[in-house]
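Undergrad: What follows is the file coords-v4.txt, containing compact mmCIF, C-alpha atoms:
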# COMPACT_ATOMS: atom_id res chain seq x y z
CA LEU A 1 0.00 0.00 0.00
CA PRO A 2 1.09 3.64 -0.46
CA LEU A 3 2.65 5.24 2.62
CA VAL A 4 -0.35 7.49 3.28
CA ASP A 5 -2.72 4.49 3.29
CA ILE A 6 -0.46 2.53 5.64
CA LEU A 7 -0.21 5.40 8.14
CA SER A 8 -3.94 6.01 7.97
CA GLU A 9 -4.64 2.36 8.76
CA LEU A 10 -2.12 2.25 11.62
CA THR A 11 -3.18 5.50 13.26
CA GLY A 12 -6.88 5.48 12.53
CA GLN A 13 -6.59 9.04 11.21
CA PRO A 14 -8.46 10.01 8.02
CA PHE A 15 -6.58 10.07 4.74
CA ALA A 16 -6.70 13.88 4.46
CA ALA A 17 -5.23 14.31 7.96
CA ILE A 18 -2.32 11.97 7.22
CA ARG A 19 -1.61 13.76 3.96
CA LYS A 20 -1.45 17.08 5.82
CA LEU A 21 0.94 15.64 8.43
CA LEU A 22 3.32 14.59 5.67
CA THR A 23 3.70 18.12 4.35
CA ASN A 24 7.44 18.24 5.03
CA LEU A 25 8.18 14.72 3.85
CA ASP A 26 9.19 13.57 0.36
CA GLY A 27 5.97 11.65 -0.14
CA ASN A 28 3.95 14.85 -0.12
CA ALA A 29 5.86 16.35 -3.05
CA ALA A 30 3.78 14.35 -5.48
CA TYR A 31 0.57 15.78 -4.03
CA ALA A 32 1.92 19.34 -3.94
CA SER A 33 2.77 19.12 -7.65
CA GLU A 34 -0.92 18.65 -8.44
CA LYS A 35 -1.80 22.23 -7.57
CA PRO A 36 -2.78 24.18 -10.71
CA ARG A 37 -0.20 26.80 -11.61
CA GLY A 38 -1.88 28.31 -14.64
CA VAL A 39 -4.62 28.02 -17.24
CA LEU A 40 -4.62 25.26 -19.82
CA LYS A 41 -4.23 26.57 -23.38
CA LEU A 42 -4.82 24.27 -26.34
CA PRO A 43 -2.97 24.58 -29.65
CA ALA A 44 -4.59 26.18 -32.67
CA GLY A 45 -5.96 23.91 -35.37
CA LEU A 46 -7.12 21.22 -32.94
CA GLY A 47 -9.88 18.89 -34.11
CA PRO A 48 -10.76 15.33 -35.09
CA LEU A 49 -8.10 13.03 -36.51
CA LEU A 50 -7.46 13.72 -40.17
CA THR A 51 -6.34 11.29 -42.85
CA ILE A 52 -2.67 12.02 -42.23
CA HIS A 53 -3.01 11.23 -38.52
CA LYS A 54 -4.98 8.04 -39.11
CA ARG A 55 -2.49 6.86 -41.72
CA TYR A 56 0.40 7.39 -39.34
CA LEU A 57 -1.29 5.58 -36.45
CA LYS A 58 -2.35 2.66 -38.62
CA GLY A 59 1.22 2.44 -39.87
CA ARG A 60 2.31 2.04 -36.24
CA GLY A 61 -0.18 -0.77 -35.76
CA PHE A 62 -2.79 1.23 -33.85
CA ASN A 63 -6.53 1.46 -34.31
CA PRO A 64 -7.18 5.24 -34.47
CA THR A 65 -10.81 4.88 -33.39
CA GLU A 66 -9.84 2.93 -30.28
CA LEU A 67 -7.16 5.47 -29.37
CA GLN A 68 -9.70 8.27 -29.71
CA LYS A 69 -12.17 6.54 -27.42
CA LEU A 70 -9.70 5.46 -24.75
CA TRP A 71 -7.03 8.19 -24.73
CA ASP A 72 -8.97 11.15 -26.21
CA ILE A 73 -6.36 11.86 -28.87
CA GLN A 74 -7.12 14.42 -31.56
CA GLY A 75 -5.47 15.83 -34.66
CA ILE A 76 -3.93 19.20 -35.40
CA GLY A 77 -4.39 20.73 -38.81
CA LEU A 78 -2.44 23.39 -40.65
CA ALA A 79 -3.15 26.44 -38.47
CA SER A 80 -0.55 25.77 -35.78
CA GLN A 81 3.17 25.47 -35.10
CA TRP A 82 2.30 21.81 -34.42
CA ALA A 83 0.74 21.28 -37.84
CA TRP A 84 -0.26 17.74 -38.78
CA ARG A 85 0.67 16.28 -35.39
CA VAL A 86 -1.31 13.93 -33.19
CA PHE A 87 -2.57 15.75 -30.08
CA ILE A 88 -2.25 13.73 -26.85
CA PRO A 89 -3.93 15.13 -23.71
CA ILE A 90 -2.58 14.60 -20.20
CA TYR A 91 -5.19 14.21 -17.47
CA LEU A 92 -5.13 14.52 -13.71
CA ASN A 93 -8.12 13.13 -11.82
CA GLY A 94 -10.30 13.33 -14.92
CA ARG A 95 -9.30 16.88 -15.88
CA MET A 96 -7.02 17.79 -18.78
CA VAL A 97 -4.09 19.77 -17.37
CA SER A 98 -1.44 19.52 -20.07
CA TRP A 99 -0.71 17.96 -23.44
CA THR A 100 1.91 16.79 -25.87
CA THR A 101 2.00 16.18 -29.62
CA ARG A 102 3.55 13.50 -31.81
CA ALA A 103 4.81 14.17 -35.32
CA THR A 104 3.31 12.03 -38.07
CA SER A 105 6.71 11.72 -39.75
CA ASP A 106 9.75 10.01 -38.26
CA GLU A 107 11.94 12.31 -40.35
CA VAL A 108 11.12 15.20 -38.00
CA LYS A 109 13.92 15.78 -35.49
CA ALA A 110 11.63 16.70 -32.58
CA LYS A 111 9.18 13.81 -32.64
CA TYR A 112 7.33 15.08 -29.57
CA GLY A 113 6.32 18.68 -29.05
CA ASN A 114 5.06 19.63 -25.61
CA ALA A 115 2.93 22.36 -24.14
CA ARG A 116 4.93 25.36 -22.92
CA PRO A 117 4.86 26.07 -19.15
CA ASP A 118 2.42 28.94 -19.73
CA GLU A 119 0.08 26.58 -21.61
CA GLU A 120 -0.22 24.03 -18.78
CA ALA A 121 -2.50 24.00 -15.75
CA VAL A 122 -0.10 21.51 -14.10
CA SER A 123 3.41 20.70 -15.30
CA ALA A 124 3.44 17.44 -17.26
CA LYS A 125 6.89 16.64 -15.84
CA THR A 126 5.37 16.35 -12.37
CA LEU A 127 2.77 13.86 -13.61
CA LEU A 128 2.44 10.48 -15.25
CA GLY A 129 0.50 10.48 -18.49
CA GLY A 130 -2.33 7.96 -18.42
CA GLU A 131 -2.31 7.65 -14.61
CA ASP A 132 -6.10 7.96 -14.37
CA TYR A 133 -6.29 4.36 -15.65
CA VAL A 134 -3.89 2.94 -13.05
CA ARG A 135 -5.18 0.79 -10.21
CA HIS A 136 -2.96 -1.43 -8.03
CA ALA A 137 -0.11 -1.89 -10.52
CA VAL A 138 1.66 0.41 -12.94
CA ALA A 139 3.93 -0.11 -15.95
CA VAL A 140 6.08 2.94 -16.64
CA CYS A 141 7.11 3.84 -20.20
CA GLU A 142 8.92 6.75 -21.80
CA GLY A 143 6.43 7.99 -24.38
CA PRO A 144 2.64 8.12 -24.91
CA LEU A 145 2.54 5.65 -27.80
CA ASP A 146 4.54 3.20 -25.69
CA ALA A 147 1.91 3.32 -22.96
CA MET A 148 -0.97 3.22 -25.43
CA ASN A 149 0.39 0.08 -27.06
CA LEU A 150 0.67 -1.64 -23.69
CA GLY A 151 -2.80 -0.45 -22.68
CA PRO A 152 -4.54 0.94 -19.56
CA GLY A 153 -2.46 0.67 -16.41
CA CYS A 154 0.60 1.88 -18.29
CA VAL A 155 1.87 5.44 -17.98
CA TRP A 156 4.46 7.64 -19.65
CA THR A 157 7.01 9.99 -18.12
CA GLY A 158 7.84 12.04 -21.21
CA GLY A 159 11.33 10.61 -21.73
CA ILE A 160 14.12 9.09 -19.65
CA ASP A 161 14.69 12.35 -17.77
CA VAL A 162 12.35 11.34 -14.96
CA LYS A 163 11.74 13.96 -12.28
CA ARG A 164 11.69 13.32 -8.54
CA SER A 165 7.99 14.12 -8.30
CA GLN A 166 7.28 11.51 -10.98
CA VAL A 167 9.25 8.89 -9.05
CA LEU A 168 7.16 9.68 -5.99
CA ARG A 169 3.97 9.19 -7.97
CA ILE A 170 5.22 5.81 -9.18
CA ALA A 171 6.12 4.86 -5.60
CA LYS A 172 2.44 5.09 -4.58
CA TYR A 173 1.68 1.80 -6.32
CA PRO A 174 2.54 -1.54 -4.70
CA ILE A 175 3.49 -3.19 -8.01
CA ARG A 176 5.73 -1.20 -10.35
CA ALA A 177 7.34 -2.21 -13.65
CA ILE A 178 9.79 0.04 -15.49
CA VAL A 179 9.46 -0.67 -19.22
CA PHE A 180 11.82 1.67 -21.05
CA ASP A 181 13.26 1.35 -24.56
CA SER A 182 15.80 -1.40 -25.11
CA GLU A 183 18.73 0.90 -25.90
CA PRO A 184 21.57 0.86 -23.30
CA LYS A 185 21.10 4.46 -22.09
CA ALA A 186 17.38 3.94 -21.46
CA GLN A 187 18.04 0.68 -19.63
CA GLN A 188 20.65 2.39 -17.44
CA ARG A 189 18.01 4.94 -16.44
CA ALA A 190 15.53 2.14 -15.83
CA LYS A 191 17.99 0.45 -13.46
CA ALA A 192 18.55 3.72 -11.62
CA MET A 193 14.80 4.19 -11.22
CA CYS A 194 14.42 0.69 -9.82
CA GLU A 195 17.15 1.42 -7.28
CA ALA A 196 15.49 4.70 -6.29
CA LEU A 197 12.18 2.91 -5.72
CA THR A 198 13.58 0.12 -3.54
CA CYS A 199 13.18 2.24 -0.39
CA TYR A 200 9.40 2.39 -0.84
CA PRO A 201 6.92 -0.33 0.14
CA GLY A 202 6.01 -2.65 -2.71
CA LYS A 203 7.81 -4.40 -5.55
CA THR A 204 9.67 -2.83 -8.46
CA ILE A 205 10.87 -4.77 -11.50
CA ARG A 206 12.63 -3.80 -14.70
CA ILE A 207 11.35 -5.29 -17.93
CA GLU A 208 13.39 -5.22 -21.12
CA LEU A 209 11.26 -6.17 -24.09
CA ASP A 210 12.38 -8.01 -27.21
CA ALA A 211 11.05 -5.07 -29.25
CA PRO A 212 13.16 -1.89 -29.55
CA ASP A 213 10.53 -0.01 -27.52
CA PRO A 214 7.12 -0.70 -25.93
CA GLY A 215 5.39 1.17 -28.74
CA SER A 216 6.47 -1.45 -31.26
CA ALA A 217 6.00 -4.51 -29.05
CA SER A 218 3.98 -7.33 -30.61
CA ALA A 219 0.51 -8.27 -29.37
CA LYS A 220 2.00 -11.47 -27.94
CA GLU A 221 4.64 -9.58 -25.97
CA VAL A 222 2.09 -7.05 -24.73
CA LYS A 223 -0.18 -9.84 -23.54
CA ARG A 224 2.70 -11.49 -21.69
CA LEU A 225 3.66 -8.24 -19.96
CA ARG A 226 0.09 -7.43 -18.93
CA LYS A 227 -0.40 -10.89 -17.49
CA ALA A 228 2.85 -10.67 -15.51
CA VAL A 229 2.37 -7.14 -14.16
CA LEU A 230 -1.09 -5.67 -14.57
CA GLU A 231 -3.43 -8.62 -14.28
I'd like the structure from this file rewritten - as structure tokens, please.
TA:
Amino acid sequence: LPLVDILSELTGQPFAAIRKLLTNLDGNAAYASEKPRGVLKLPAGLGPLLTIHKRYLKGRGFNPTELQKLWDIQGIGLASQWAWRVFIPIYLNGRMVSWTTRATSDEVKAKYGNARPDEEAVSAKTLLGGEDYVRHAVAVCEGPLDAMNLGPGCVWTGGIDVKRSQVLRIAKYPIRAIVFDSEPKAQQRAKAMCEALTCYPGKTIRIELDAPDPGSASAKEVKRLRKAVLE
């Protein structure tokens, strides 16, 4: 169980009271990061997925309709600096607080384009994308399409530069799997994250897939991972 739940059970104090008592402890940093710091601003040209977005997603092995229903993705048209990108919202407790975009061409240097600090209600780098779908176990990936391929219960950090507040959010769950890309640098970061999480209650494992990254993992490999970690 998360630390707050354990202390609440041991002391008999309500959850809110325990959270307040932990104000000066590390565990509270994750809660403090949830406070809105601004007003969410969406990019221009936002709308339904267009042909270019659907073609890209299908080429990656995704069903665009399913992604729309489950993850609320949209498309961006011409009238934006993020033209022709897939729009990926980031939610916190059912409310959109930030977003990122994914280029529909792998030839683009900056594959992901994120909301600026003044366009976010809460900083995405203090959160875990997709966390609203997490229950008792979490699988942590680098990017949105990685998590979407693995399915609900999987989250993304926005790269291997994982912030302390994100680690604390991961630590809340009793079962944690770090599923980064297979390249050596990403796996080094995954090992470091596992070490950082060992001091928290629960179990942390590192999973290195056969695929280069979770976003390109086969249905068979995804099924095996979900059975081992999330189910």
Undergrad: Would you mind telling me which residue in A:Leu145, A:Arg95, A:Asp72, A:Ala44 lies nearest to A:Ala121 when using only C-alpha atoms?
TA: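 Under the stated criterion, the closest residue is A:Arg95.
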Undergrad: Ranking A:Tyr133, A:Tyr200, A:Phe62, A:Trp156 by minimum distance to A:Ser216 and counting only C-alpha atoms, which one comes first?
TA: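 Under the stated criterion, the closest residue is A:Phe62.
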Undergrad: For atom CA of A:Ile207 and atom CA of A:Lys172, determine how far apart the two atoms are, in Å to one decimal place.
TA: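 These atoms are spaced 19.1 Å apart.
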Undergrad: Write out as a ChimeraX atom specification each polymer residue whose atoms come within 9 Å of A:Glu208, counting all atoms listed in the file; drop sequence neighbours fewer than 3 positions from it.
TA: /A:178-182,187,211,213
Undergrad: So which residues are close to (-0.5, 9.7, -28.5), meaning at most 12 Å away in the file's coordinates with only C-alpha atoms counted, and can you show them as an MDAnalysis selection string?
TA: chainID A and resid 49 53:54 56:57 60 62:64 66:68 70:75 85:90 99:104 111:114 129:130 142:149 151 155:156 158 215
Undergrad: Give me the residues near A:Gly153 as a VMD selection string, where near means some atom within 12 Å (using all atoms listed in the file) and where sequence neighbours in that chain fewer than 3 positions away do not count.
TA: chain A and resid 128 to 141 146 to 150 156 170 173 175 to 177 225 to 227 229 to 231
Undergrad: Neighbouring residues of A:Lys185 were defined as those with any atom within 12 Å, considering all atoms listed in the file; residues of the same chain fewer than 4 positions away were excluded. Please report them as a VMD selection string.
TA: chain A and resid 159 to 161 180 to 181 189 to 192
Undergrad: Between atom CA of A:Gly38 and atom CA of A:Glu119, what distance in Å does the model show, to one decimal?
TA: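 Atom-to-atom, atom CA of A:Gly38 and atom CA of A:Glu119 are spaced 7.4 Å apart.
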Undergrad: With a distance cut-off of 7 Å and all atoms listed in the file, select the neighbouring residues of A:Gly77, excluding the residue or stretch itself and same-chain residues fewer than 3 positions from it, and output the selection as an mmCIF file with C-alpha atoms, keeping the file's coordinate frame.
TA:
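File written: out.cif
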data_model
loop_
_atom_site.group_PDB
_atom_site.id
_atom_site.type_symbol
_atom_site.label_atom_id
_atom_site.label_comp_id
_atom_site.auth_asym_id
_atom_site.auth_seq_id
_atom_site.Cartn_x
_atom_site.Cartn_y
_atom_site.Cartn_z
ATOM 1 C CA GLY A 45 -5.960 23.910 -35.370
ATOM 2 C CA LEU A 46 -7.120 21.220 -32.940
ATOM 3 C CA ALA A 83 0.740 21.280 -37.840
ATOM 4 C CA TRP A 84 -0.260 17.740 -38.780
#
Undergrad: Looking at A:Ala186, A:Ala219, A:Val97, A:Leu197, which one is nearest to A:Leu40, with distances taken over all atoms listed in the file?
TA: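 Once distances to A:Leu40 are computed over all atoms listed in the file, the minimum belongs to A:Val97.
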Undergrad: Tell me which of A:Glu183, A:Gln188, A:Gln81, A:Pro174 sits closest to A:Lys203, counting only C-alpha atoms.
TA: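 With only C-alpha atoms as the atom set, the closest residue is A:Pro174.
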Undergrad: Report, in Å with one decimal, the straight-line distance from atom CA of A:Ile76 to atom CA of A:Pro43.
TA: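 Separation between atom CA of A:Ile76 and atom CA of A:Pro43: 7.9 Å.
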Undergrad: Check the smallest atom-to-atom distance from each of A:Val39, A:Ala79, A:Ala124, A:Val222 to A:Pro152 using all atoms listed in the file, then report the winner.
TA: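 For A:Pro152, the nearest of the given residues is A:Val222.
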Undergrad: Select, from A:Tyr91, A:Gly59, A:Lys163, A:Lys220, the residue with the minimum atom-to-atom distance to A:Asp106, counting all atoms listed in the file.
TA: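 Once distances to A:Asp106 are computed over all atoms listed in the file, the minimum belongs to A:Gly59.
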